Every structure is written in C-alpha cells, then in structure tokens.
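Undergrad: Supplied in structure tokens, the structure appears directly below.
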Amino acid sequence: MFLLLSETDLFCFLNPCSLRSIHLRTAKMDWQGQKLSEMLMQIMLVVHAVVAFVVGYTFSSFQMMLVIVAGGVLLTTLVTVPDWPWFNRHPLNWLDPVEVEKNPKPHPPTSKKKTSKHHLK
C-alpha cells in the first residue's frame, strides 16, 4: 500500500511553518496550562543546569556536564512542549456566536453625576 503525495502536500508536510500553524490550530492548552508549562520549563532547566555544573565540577568533566545539560533540555522538552492532558484542566468555555447574537450582553447605563455645591450659611 503506497501513499501518493503531490508536491504541494509534500511541501506542506516538510515546511516547518505549516506544521507550526497546524499545531496552533489544534492546540488545546489553556492559559493556566501555559503558565504551568512555562514554570516547569524554567524550574527543570535551572535544576538540570545546577546538577550538571556540580557533577561536571566534581568529576572535572566538561563532556559529562554537557551530556547532563543536553539530557535535561531533552527531558524538559518532552515534559513541557507536548499538549499533555494536565495542561488543559481549566478549559475556556466559549459562547457559540449564534447564542451571543440572541442574548447580547447588556451595557450599564452611563449616568453623569452632577455635582452640586451647597453653601450653608
């Protein structure tokens, strides 16, 4: 069984910009999930960098330090970049456009308060 791809399909498949736009359209991560993902990324990178420095300094091995940092970056990428279910615990509930048109949000009346000066004599 062969899959036939046209040149356009192959270009869209190999073009990183089109892959990014496909990911952006299907992303389900909510705002709190994005915040959690960024916080995990920062913590994990700093922890791996500190561990790599200590191990590299202890064993006087720059190569070992680089391997630990590279492994930490890879592990951090695997934990924070994919759209894991725990990053979508607080989904936003958008209103259907038809429902919004039926029930528009009422605007509060704008009232201008007149200031009066009372002079007591």
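In the structure tokens, chains take letters A, B, ... by order of appearance, with residues numbered from 1 within each chain and ligands from 1 in the order shown.
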Please list as a list in words every residue within 6 Å of segment 86-99 of chain A, counting only C-alpha atoms and excluding residues in the same chain fewer than 2 positions away.
TA: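 Once the nearby chain positions are removed, what remains is Met29, Asp30, Gly33, Trp84, Glu101 and Lys102 of chain A.
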Undergrad: Could you work out how far atom CA of Met41 of chain A lies from atom CA of Thr80 of chain A, giving the answer in Å with one decimal?
TA: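 Rounded to one decimal, the two atoms are 6.2 Å apart.
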Undergrad: Which of these, A:Ile68, A:Val81, A:Leu36, A:Leu74, has the shortest distance to His48 of chain A once you count only C-alpha atoms?
TA: A:Ile68
Undergrad: What lies within 12 Å of Met39 of chain A using only C-alpha atoms, ignoring chain neighbours under 5 positions off, as a PyMOL selection string?
TA: chain A and resi 32-34+44-46+76+79-80+87
Undergrad: Save the residues we just selected, N, CA, C and O atoms, as a PDB file, in the first residue's frame?
TA:
ATOM      1  N   GLN A  32      -3.928  28.570  32.129  1.00  0.00           N
ATOM      2  CA  GLN A  32      -3.245  28.064  33.321  1.00  0.00           C
ATOM      3  C   GLN A  32      -2.259  26.968  32.936  1.00  0.00           C
ATOM      4  O   GLN A  32      -1.203  26.829  33.549  1.00  0.00           O
ATOM      5  N   GLY A  33      -2.595  26.171  31.919  1.00  0.00           N
ATOM      6  CA  GLY A  33      -1.673  25.148  31.431  1.00  0.00           C
ATOM      7  C   GLY A  33      -0.418  25.746  30.830  1.00  0.00           C
ATOM      8  O   GLY A  33       0.686  25.224  31.004  1.00  0.00           O
ATOM      9  N   GLN A  34      -0.559  26.847  30.117  1.00  0.00           N
ATOM     10  CA  GLN A  34       0.611  27.521  29.565  1.00  0.00           C
ATOM     11  C   GLN A  34       1.497  28.064  30.676  1.00  0.00           C
ATOM     12  O   GLN A  34       2.727  27.979  30.601  1.00  0.00           O
ATOM     13  N   MET A  44      12.852  23.158  35.621  1.00  0.00           N
ATOM     14  CA  MET A  44      13.615  21.985  35.167  1.00  0.00           C
ATOM     15  C   MET A  44      14.948  22.384  34.546  1.00  0.00           C
ATOM     16  O   MET A  44      15.973  21.731  34.794  1.00  0.00           O
ATOM     17  N   LEU A  45      14.961  23.451  33.752  1.00  0.00           N
ATOM     18  CA  LEU A  45      16.224  23.866  33.133  1.00  0.00           C
ATOM     19  C   LEU A  45      17.238  24.340  34.168  1.00  0.00           C
ATOM     20  O   LEU A  45      18.430  24.020  34.073  1.00  0.00           O
ATOM     21  N   VAL A  46      16.777  25.092  35.159  1.00  0.00           N
ATOM     22  CA  VAL A  46      17.696  25.575  36.195  1.00  0.00           C
ATOM     23  C   VAL A  46      18.217  24.397  37.029  1.00  0.00           C
ATOM     24  O   VAL A  46      19.423  24.323  37.316  1.00  0.00           O
ATOM     25  N   THR A  76      13.134  18.195  29.494  1.00  0.00           N
ATOM     26  CA  THR A  76      12.274  19.366  29.662  1.00  0.00           C
ATOM     27  C   THR A  76      11.384  19.567  28.443  1.00  0.00           C
ATOM     28  O   THR A  76      10.194  19.867  28.574  1.00  0.00           O
ATOM     29  N   VAL A  79       8.555  17.065  28.462  1.00  0.00           N
ATOM     30  CA  VAL A  79       7.548  17.304  29.503  1.00  0.00           C
ATOM     31  C   VAL A  79       6.709  18.537  29.196  1.00  0.00           C
ATOM     32  O   VAL A  79       5.493  18.533  29.408  1.00  0.00           O
ATOM     33  N   THR A  80       7.315  19.606  28.676  1.00  0.00           N
ATOM     34  CA  THR A  80       6.602  20.877  28.583  1.00  0.00           C
ATOM     35  C   THR A  80       6.046  21.221  27.207  1.00  0.00           C
ATOM     36  O   THR A  80       5.096  22.002  27.121  1.00  0.00           O
ATOM     37  N   PHE A  87      -2.273  19.876  31.089  1.00  0.00           N
ATOM     38  CA  PHE A  87      -2.174  21.288  30.731  1.00  0.00           C
ATOM     39  C   PHE A  87      -3.520  21.858  30.299  1.00  0.00           C
ATOM     40  O   PHE A  87      -3.599  23.002  29.884  1.00  0.00           O
TER      41      PHE A  87
END
